[in-house]
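Shown here: final.tsv, TSV, N, CA and C atoms.
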chain	number	residue	atom	x	y	z
A	1	MET	N	0.83	-1.19	0.00
A	1	MET	CA	0.00	0.00	0.00
A	1	MET	C	0.87	1.25	0.00
A	2	ASP	N	0.26	2.31	-0.34
A	2	ASP	CA	0.97	3.58	-0.40
A	2	ASP	C	1.29	4.08	1.01
A	3	ARG	N	2.48	4.58	1.22
A	3	ARG	CA	2.90	5.06	2.54
A	3	ARG	C	2.08	6.26	2.99
A	4	ASN	N	1.63	7.07	2.05
A	4	ASN	CA	0.85	8.25	2.42
A	4	ASN	C	-0.46	7.87	3.08
A	5	ILE	N	-1.05	6.75	2.68
A	5	ILE	CA	-2.29	6.30	3.31
A	5	ILE	C	-2.04	5.95	4.77
A	6	PHE	N	-0.92	5.27	5.04
A	6	PHE	CA	-0.59	4.90	6.41
A	6	PHE	C	-0.34	6.14	7.27
A	7	ARG	N	0.34	7.11	6.73
A	7	ARG	CA	0.61	8.33	7.48
A	7	ARG	C	-0.69	9.08	7.75
A	8	CYS	N	-1.61	8.98	6.82
A	8	CYS	CA	-2.87	9.69	6.92
A	8	CYS	C	-3.66	9.22	8.14
A	9	TRP	N	-3.64	7.91	8.45
A	9	TRP	CA	-4.40	7.39	9.59
A	9	TRP	C	-3.92	7.99	10.90
A	10	SER	N	-2.63	8.13	11.07
A	10	SER	CA	-2.14	8.68	12.33
A	10	SER	C	-2.44	10.17	12.44
A	11	ILE	N	-2.49	10.85	11.33
A	11	ILE	CA	-2.82	12.29	11.34
A	11	ILE	C	-4.31	12.49	11.58
A	12	ILE	N	-5.14	11.59	11.04
A	12	ILE	CA	-6.59	11.71	11.19
A	12	ILE	C	-6.98	11.70	12.66
A	13	ALA	N	-6.35	10.83	13.46
A	13	ALA	CA	-6.68	10.76	14.89
A	13	ALA	C	-6.42	12.10	15.57
A	14	GLY	N	-5.30	12.72	15.28
A	14	GLY	CA	-4.98	14.01	15.88
A	14	GLY	C	-5.90	15.11	15.42
A	15	VAL	N	-6.26	15.14	14.15
A	15	VAL	CA	-7.13	16.19	13.60
A	15	VAL	C	-8.53	16.07	14.19
A	16	ILE	N	-9.06	14.86	14.26
A	16	ILE	CA	-10.40	14.67	14.82
A	16	ILE	C	-10.43	15.10	16.29
A	17	TRP	N	-9.38	14.76	17.03
A	17	TRP	CA	-9.33	15.14	18.44
A	17	TRP	C	-9.28	16.65	18.61
A	18	ILE	N	-8.53	17.33	17.74
A	18	ILE	CA	-8.43	18.80	17.83
A	18	ILE	C	-9.78	19.45	17.57
A	19	PHE	N	-10.52	18.98	16.56
A	19	PHE	CA	-11.77	19.63	16.18
A	19	PHE	C	-12.97	19.20	17.04
A	20	THR	N	-12.97	18.00	17.52
A	20	THR	CA	-14.15	17.52	18.25
A	20	THR	C	-13.90	17.36	19.75
A	21	ALA	N	-12.69	17.44	20.18
A	21	ALA	CA	-12.30	17.23	21.57
A	21	ALA	C	-12.69	15.84	22.06
A	22	VAL	N	-12.87	14.92	21.10
A	22	VAL	CA	-13.16	13.52	21.43
A	22	VAL	C	-12.02	12.69	20.89
A	23	PHE	N	-11.47	11.88	21.74
A	23	PHE	CA	-10.32	11.07	21.34
A	23	PHE	C	-10.82	9.72	20.85
A	24	TYR	N	-10.55	9.38	19.60
A	24	TYR	CA	-10.96	8.12	19.02
A	24	TYR	C	-9.81	7.12	19.12
A	25	TRP	N	-9.98	6.14	19.98
A	25	TRP	CA	-8.95	5.15	20.22
A	25	TRP	C	-8.63	4.31	19.00
A	26	VAL	N	-9.62	4.09	18.16
A	26	VAL	CA	-9.40	3.24	16.98
A	26	VAL	C	-8.34	3.87	16.07
A	27	PHE	N	-8.51	5.16	15.82
A	27	PHE	CA	-7.55	5.83	14.93
A	27	PHE	C	-6.16	5.91	15.56
A	28	SER	N	-6.11	6.13	16.88
A	28	SER	CA	-4.81	6.22	17.53
A	28	SER	C	-4.12	4.86	17.57
A	29	ILE	N	-4.88	3.78	17.72
A	29	ILE	CA	-4.29	2.44	17.71
A	29	ILE	C	-3.76	2.11	16.32
A	30	ILE	N	-4.56	2.43	15.30
A	30	ILE	CA	-4.11	2.19	13.92
A	30	ILE	C	-2.85	3.00	13.63
A	31	GLY	N	-2.84	4.26	14.03
A	31	GLY	CA	-1.67	5.10	13.83
A	31	GLY	C	-0.46	4.59	14.59
A	32	GLY	N	-0.67	4.10	15.82
A	32	GLY	CA	0.43	3.54	16.60
A	32	GLY	C	1.02	2.29	15.98
A	33	ILE	N	0.14	1.44	15.45
A	33	ILE	CA	0.61	0.23	14.77
A	33	ILE	C	1.43	0.58	13.54
A	34	ILE	N	0.92	1.53	12.78
A	34	ILE	CA	1.64	1.95	11.57
A	34	ILE	C	2.98	2.57	11.94
A	35	LEU	N	3.01	3.40	12.98
A	35	LEU	CA	4.25	4.02	13.42
A	35	LEU	C	5.24	2.97	13.91
A	36	SER	N	4.75	1.97	14.65
A	36	SER	CA	5.62	0.89	15.11
A	36	SER	C	6.20	0.11	13.94
A	37	GLY	N	5.36	-0.17	12.95
A	37	GLY	CA	5.85	-0.86	11.75
A	37	GLY	C	6.90	-0.06	11.03
A	38	PHE	N	6.69	1.25	10.93
A	38	PHE	CA	7.67	2.11	10.27
A	38	PHE	C	9.00	2.08	11.02
A	39	ILE	N	8.94	2.14	12.35
A	39	ILE	CA	10.17	2.12	13.15
A	39	ILE	C	10.91	0.80	12.98
A	40	ILE	N	10.17	-0.30	12.93
A	40	ILE	CA	10.80	-1.61	12.74
A	40	ILE	C	11.48	-1.70	11.39
A	41	VAL	N	10.76	-1.29	10.33
A	41	VAL	CA	11.33	-1.34	8.98
A	41	VAL	C	12.54	-0.41	8.88
A	42	PHE	N	12.44	0.77	9.48
A	42	PHE	CA	13.55	1.73	9.44
A	42	PHE	C	14.78	1.17	10.14
A	43	SER	N	14.58	0.53	11.30
A	43	SER	CA	15.73	-0.02	12.01
A	43	SER	C	16.36	-1.18	11.24
A	44	ILE	N	15.54	-1.99	10.58
A	44	ILE	CA	16.09	-3.08	9.75
A	44	ILE	C	16.91	-2.51	8.60
A	45	GLU	N	16.39	-1.49	7.94
A	45	GLU	CA	17.11	-0.87	6.83
A	45	GLU	C	18.43	-0.27	7.29
A	46	MET	N	18.43	0.40	8.44
A	46	MET	CA	19.66	1.01	8.94
A	46	MET	C	20.68	-0.06	9.31
A	47	LYS	N	20.22	-1.18	9.85
A	47	LYS	CA	21.14	-2.26	10.21
A	47	LYS	C	21.75	-2.88	8.96
A	48	GLN	N	20.97	-2.99	7.88
A	48	GLN	CA	21.49	-3.54	6.64
A	48	GLN	C	22.50	-2.61	5.99
A	49	ASP	N	22.28	-1.30	6.11
A	49	ASP	CA	23.19	-0.34	5.50
A	49	ASP	C	24.49	-0.18	6.28
A	50	PHE	N	24.47	-0.50	7.57
A	50	PHE	CA	25.65	-0.31	8.40
A	50	PHE	C	26.74	-1.29	7.95
A	51	GLY	N	27.93	-0.77	7.75
A	51	GLY	CA	29.05	-1.62	7.40
A	51	GLY	C	29.27	-1.82	5.91
A	52	LYS	N	28.37	-1.31	5.09
A	52	LYS	CA	28.57	-1.45	3.66
A	52	LYS	C	29.60	-0.43	3.18
A	53	LYS	N	30.25	-0.77	2.10
A	53	LYS	CA	31.20	0.17	1.51
A	53	LYS	C	30.43	1.31	0.85
A	54	PRO	N	30.96	2.51	0.90
A	54	PRO	CA	30.31	3.61	0.19
A	54	PRO	C	30.26	3.33	-1.31
A	55	TYR	N	29.30	3.95	-1.97
A	55	TYR	CA	29.06	3.71	-3.39
A	55	TYR	C	30.31	3.95	-4.23
A	56	TYR	N	31.04	5.03	-3.95
A	56	TYR	CA	32.18	5.37	-4.79
A	56	TYR	C	33.36	4.43	-4.59
A	57	GLU	N	33.34	3.59	-3.55
A	57	GLU	CA	34.43	2.65	-3.31
A	57	GLU	C	34.11	1.24	-3.76
A	58	ARG	N	32.86	0.98	-4.04
A	58	ARG	CA	32.40	-0.38	-4.22
A	58	ARG	C	33.17	-1.14	-5.29
A	59	HIS	N	33.45	-0.52	-6.42
A	59	HIS	CA	34.08	-1.23	-7.53
A	59	HIS	C	35.38	-0.56	-7.98
A	60	LEU	N	36.03	0.16	-7.10
A	60	LEU	CA	37.23	0.89	-7.51
A	60	LEU	C	38.29	-0.04	-8.07
A	61	SER	N	38.69	-1.04	-7.33
A	61	SER	CA	39.80	-1.87	-7.78
A	61	SER	C	39.42	-2.74	-8.97
A	62	GLU	N	38.13	-3.03	-9.15
A	62	GLU	CA	37.70	-3.84	-10.28
A	62	GLU	C	37.55	-3.02	-11.55
A	63	ASP	N	36.96	-1.84	-11.43
A	63	ASP	CA	36.69	-1.01	-12.60
A	63	ASP	C	37.94	-0.31	-13.13
A	64	ILE	N	38.82	0.10	-12.24
A	64	ILE	CA	40.02	0.83	-12.65
A	64	ILE	C	41.23	0.02	-12.21
A	65	PRO	N	41.73	-0.82	-13.08
A	65	PRO	CA	42.87	-1.65	-12.68
A	65	PRO	C	44.15	-0.82	-12.59
A	66	PHE	N	45.06	-1.27	-11.74
A	66	PHE	CA	46.35	-0.60	-11.57
A	66	PHE	C	47.46	-1.58	-11.91
A	67	ASP	N	48.26	-1.20	-12.90
A	67	ASP	CA	49.42	-2.00	-13.31
A	67	ASP	C	50.66	-1.20	-12.98
A	68	SER	N	51.41	-1.61	-11.97
A	68	SER	CA	52.57	-0.84	-11.52
A	68	SER	C	53.69	-0.79	-12.55
A	69	ASP	N	53.71	-1.72	-13.51
A	69	ASP	CA	54.73	-1.68	-14.56
A	69	ASP	C	54.45	-0.59	-15.58
A	70	LYS	N	53.19	-0.32	-15.86
A	70	LYS	CA	52.81	0.66	-16.89
A	70	LYS	C	52.32	1.98	-16.33
A	71	GLN	N	51.94	2.00	-15.02
A	71	GLN	CA	51.36	3.21	-14.45
A	71	GLN	C	52.06	3.60	-13.16
A	72	THR	N	51.92	4.89	-12.83
A	72	THR	CA	52.45	5.43	-11.58
A	72	THR	C	51.30	6.02	-10.79
A	73	ALA	N	51.25	5.78	-9.49
A	73	ALA	CA	50.22	6.38	-8.64
A	73	ALA	C	50.57	7.84	-8.41
A	74	VAL	N	49.61	8.72	-8.68
A	74	VAL	CA	49.86	10.17	-8.63
A	74	VAL	C	48.67	10.85	-7.95
A	75	ILE	N	48.98	11.92	-7.21
A	75	ILE	CA	47.94	12.81	-6.70
A	75	ILE	C	48.10	14.13	-7.42
A	76	LYS	N	47.08	14.51	-8.17
A	76	LYS	CA	47.08	15.81	-8.85
A	76	LYS	C	46.50	16.84	-7.90
A	77	CYS	N	47.27	17.90	-7.64
A	77	CYS	CA	46.85	18.95	-6.72
A	77	CYS	C	46.64	20.24	-7.49
A	78	SER	N	45.54	20.91	-7.22
A	78	SER	CA	45.27	22.19	-7.84
A	78	SER	C	45.91	23.30	-7.02
A	79	ILE	N	46.62	24.18	-7.67
A	79	ILE	CA	47.28	25.29	-6.97
A	79	ILE	C	46.23	26.29	-6.50
A	80	CYS	N	45.21	26.52	-7.31
A	80	CYS	CA	44.19	27.53	-6.99
A	80	CYS	C	43.24	27.09	-5.89
A	81	THR	N	42.63	25.93	-6.06
A	81	THR	CA	41.57	25.51	-5.14
A	81	THR	C	42.04	24.56	-4.06
A	82	GLY	N	43.18	23.92	-4.25
A	82	GLY	CA	43.67	22.95	-3.29
A	82	GLY	C	43.06	21.58	-3.43
A	83	GLU	N	42.24	21.38	-4.46
A	83	GLU	CA	41.61	20.08	-4.67
A	83	GLU	C	42.67	19.04	-5.02
A	84	GLN	N	42.50	17.84	-4.48
A	84	GLN	CA	43.43	16.75	-4.74
A	84	GLN	C	42.66	15.58	-5.32
A	85	VAL	N	43.18	15.02	-6.40
A	85	VAL	CA	42.57	13.87	-7.05
A	85	VAL	C	43.62	12.78	-7.17
A	86	ALA	N	43.31	11.60	-6.66
A	86	ALA	CA	44.22	10.46	-6.77
A	86	ALA	C	43.90	9.68	-8.03
A	87	GLY	N	44.94	9.20	-8.67
A	87	GLY	CA	44.74	8.43	-9.88
A	87	GLY	C	46.03	7.80	-10.35
A	88	PHE	N	46.01	7.37	-11.59
A	88	PHE	CA	47.16	6.70	-12.17
A	88	PHE	C	47.60	7.39	-13.44
A	89	LYS	N	48.92	7.60	-13.56
A	89	LYS	CA	49.48	8.25	-14.74
A	89	LYS	C	50.24	7.19	-15.54
A	90	ASN	N	49.90	7.12	-16.84
A	90	ASN	CA	50.55	6.17	-17.73
A	90	ASN	C	51.99	6.61	-17.95
A	91	LYS	N	52.93	5.68	-17.81
A	91	LYS	CA	54.35	6.01	-17.97
A	91	LYS	C	54.73	6.29	-19.42
A	92	GLU	N	54.01	5.70	-20.36
A	92	GLU	CA	54.35	5.86	-21.78
A	92	GLU	C	53.87	7.19	-22.35
A	93	ASP	N	52.59	7.49	-22.20
A	93	ASP	CA	52.06	8.69	-22.85
A	93	ASP	C	51.63	9.79	-21.87
A	94	GLY	N	51.70	9.55	-20.56
A	94	GLY	CA	51.38	10.58	-19.58
A	94	GLY	C	49.90	10.77	-19.33
A	95	HIS	N	49.06	9.89	-19.86
A	95	HIS	CA	47.62	10.00	-19.67
A	95	HIS	C	47.27	9.73	-18.20
A	96	PHE	N	46.45	10.63	-17.60
A	96	PHE	CA	46.08	10.52	-16.19
A	96	PHE	C	44.65	9.97	-16.09
A	97	THR	N	44.47	8.93	-15.29
A	97	THR	CA	43.15	8.35	-15.04
A	97	THR	C	42.75	8.68	-13.61
A	98	GLU	N	41.68	9.49	-13.46
A	98	GLU	CA	41.20	9.87	-12.13
A	98	GLU	C	40.50	8.69	-11.48
A	99	VAL	N	40.77	8.50	-10.19
A	99	VAL	CA	40.14	7.41	-9.46
A	99	VAL	C	39.22	7.95	-8.37
A	100	MET	N	39.74	8.81	-7.51
A	100	MET	CA	38.90	9.35	-6.44
A	100	MET	C	39.44	10.68	-5.94
A	101	VAL	N	38.54	11.49	-5.37
A	101	VAL	CA	38.91	12.78	-4.79
A	101	VAL	C	39.42	12.54	-3.38
A	102	ILE	N	40.50	13.23	-3.05
A	102	ILE	CA	41.10	13.13	-1.72
A	102	ILE	C	40.71	14.38	-0.94
A	103	ARG	N	39.85	14.22	0.06
A	103	ARG	CA	39.42	15.36	0.87
A	103	ARG	C	40.16	15.43	2.21
A	104	GLU	N	40.59	14.27	2.70
A	104	GLU	CA	41.28	14.23	3.99
A	104	GLU	C	42.28	13.07	3.97
A	105	ALA	N	43.07	12.98	5.02
A	105	ALA	CA	44.11	11.95	5.09
A	105	ALA	C	43.53	10.54	5.06
A	106	ALA	N	42.34	10.36	5.61
A	106	ALA	CA	41.71	9.03	5.61
A	106	ALA	C	41.40	8.57	4.18
A	107	ASP	N	41.02	9.50	3.30
A	107	ASP	CA	40.75	9.14	1.90
A	107	ASP	C	42.03	8.65	1.23
A	108	LEU	N	43.14	9.30	1.51
A	108	LEU	CA	44.41	8.89	0.92
A	108	LEU	C	44.81	7.50	1.42
A	109	GLU	N	44.64	7.26	2.70
A	109	GLU	CA	44.96	5.94	3.24
A	109	GLU	C	44.06	4.86	2.65
A	110	ARG	N	42.79	5.18	2.44
A	110	ARG	CA	41.86	4.24	1.84
A	110	ARG	C	42.26	3.91	0.41
A	111	PHE	N	42.68	4.93	-0.34
A	111	PHE	CA	43.14	4.74	-1.72
A	111	PHE	C	44.36	3.82	-1.75
A	112	LYS	N	45.32	4.07	-0.85
A	112	LYS	CA	46.53	3.24	-0.77
A	112	LYS	C	46.18	1.79	-0.42
A	113	LYS	N	45.23	1.62	0.48
A	113	LYS	CA	44.84	0.28	0.92
A	113	LYS	C	44.14	-0.49	-0.20
A	114	ILE	N	43.26	0.17	-0.93
A	114	ILE	CA	42.50	-0.49	-2.00
A	114	ILE	C	43.43	-1.02	-3.08
A	115	TYR	N	44.42	-0.23	-3.47
A	115	TYR	CA	45.31	-0.59	-4.57
A	115	TYR	C	46.65	-1.15	-4.12
A	116	GLY	N	46.90	-1.22	-2.81
A	116	GLY	CA	48.15	-1.78	-2.32
A	116	GLY	C	49.35	-0.91	-2.66
A	117	ILE	N	49.22	0.38	-2.51
A	117	ILE	CA	50.27	1.34	-2.86
A	117	ILE	C	50.95	1.83	-1.58
A	118	THR	N	52.26	1.96	-1.63
A	118	THR	CA	52.98	2.45	-0.45
A	118	THR	C	53.35	3.93	-0.58
A	119	GLU	N	53.76	4.36	-1.77
A	119	GLU	CA	54.11	5.76	-1.93
A	119	GLU	C	53.44	6.34	-3.17
A	120	ILE	N	53.09	7.63	-3.06
A	120	ILE	CA	52.39	8.32	-4.14
A	120	ILE	C	53.10	9.65	-4.40
A	121	LYS	N	53.27	9.94	-5.69
A	121	LYS	CA	53.92	11.17	-6.11
A	121	LYS	C	52.87	12.26	-6.27
A	122	LYS	N	53.17	13.50	-5.87
A	122	LYS	CA	52.26	14.62	-6.05
A	122	LYS	C	52.69	15.45	-7.24
A	123	GLU	N	51.69	15.88	-8.03
A	123	GLU	CA	51.93	16.76	-9.16
A	123	GLU	C	51.02	17.97	-9.03
A	124	TYR	N	51.56	19.14	-9.40
A	124	TYR	CA	50.80	20.37	-9.33
A	124	TYR	C	50.50	20.89	-10.71
Would you give me this structure, written as structure tokens?
Amino acid sequence: MDRNIFRCWSIIAGVIWIFTAVFYWVFSIIGGIILSGFIIVFSIEMKQDFGKKPYYERHLSEDIPFDSDKQTAVIKCSICTGEQVAGFKNKEDGHFTEVMVIREAADLERFKKIYGITEIKKEY
């Protein structure tokens, strides 16, 4: 069923009570059951989401392969904005493949861990 219908039952009990000063237990029980169900479903969803990898990390090592013989791990840094992007630079033609944005030190460590890199060169 549509979620708006369920929300409507819990609101109806409050609206009727405000206008008539009569409290209808049936509507409040239905609203309470719906609210309890929502809380249960919400807690299940939150438990399932906990511990999952973020979307941008899910397929990094599979989608963007790293070959240490042909590529070098590089962080491109912008002089103007300070933005840092981690990626791989081809040793033959210098082509840079962006992998992820580095916002903090934890992002850099995560990048190193995913690809098994120990040292990274910075380019400006």
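Distance annotation: of A:Val26, A:Phe88, A:Ile11, A:Ile40, the residue with the minimal separation from Val74 of chain A is A:Phe88; atom set is only N, CA and C atoms.
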Between atom C of Lys70 of chain A and atom C of Gly94 of chain A, measure the distance and give it in Å to one decimal.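 Going from atom C of Lys70 of chain A over to atom C of Gly94 of chain A, I get 9.6 Å.
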Which of these residues is nearest to Asp69 of chain A, using all atoms listed in the file: A:Val101, A:Asn90, A:Phe42, A:Ser36?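 Nearest to Asp69 of chain A: A:Asn90.
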As a PyMOL selection string, please: the residues near Arg103 of chain A (cut-off 9 Å, only C-alpha atoms, same-chain neighbours under 2 positions excluded). chain A and resi 83-85+101+105-108
Could you pull out all residues of segment 27-115 of chain A with a DSSP call of helix (DSSP H, G or I) and give them as number ranges by chain? A: 27-49, 55-57, 60-63, 105-115
Hey, can you check how far atom CA of Gly31 of chain A sits from atom CA of Ile16 of chain A? 13.0 Å
Select, from A:Gly87, A:Ile117, A:Ile34, A:Phe19, the residue with the minimum atom-to-atom distance to Ile64 of chain A, counting only C-alpha atoms.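 Nearest to Ile64 of chain A: A:Gly87.
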Given only C-alpha atoms as the counted atoms, nearest of A:Phe66, A:Tyr124, A:Phe96, A:Phe111 to Gly82 of chain A: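 Closest to Gly82 of chain A of all the choices is A:Tyr124.
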Could you check which of A:Ser43, A:Gln71, A:Glu119, A:Ile79 is closest to Glu92 of chain A, using all atoms listed in the file?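 Nearest to Glu92 of chain A: A:Gln71.
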Give me, please, the distance in Å between atom C of Asp93 of chain A and atom C of Cys77 of chain A, quoted to one decimal.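 Value for the atom C of Asp93 of chain A-atom C of Cys77 of chain A distance: 18.5 Å.
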Residue with smallest distance to Phe27 of chain A - pool A:Ile12, A:Gln48, A:Glu109, A:Ile102, counting all atoms listed in the file: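 Under the stated criterion, the closest residue is A:Ile12.
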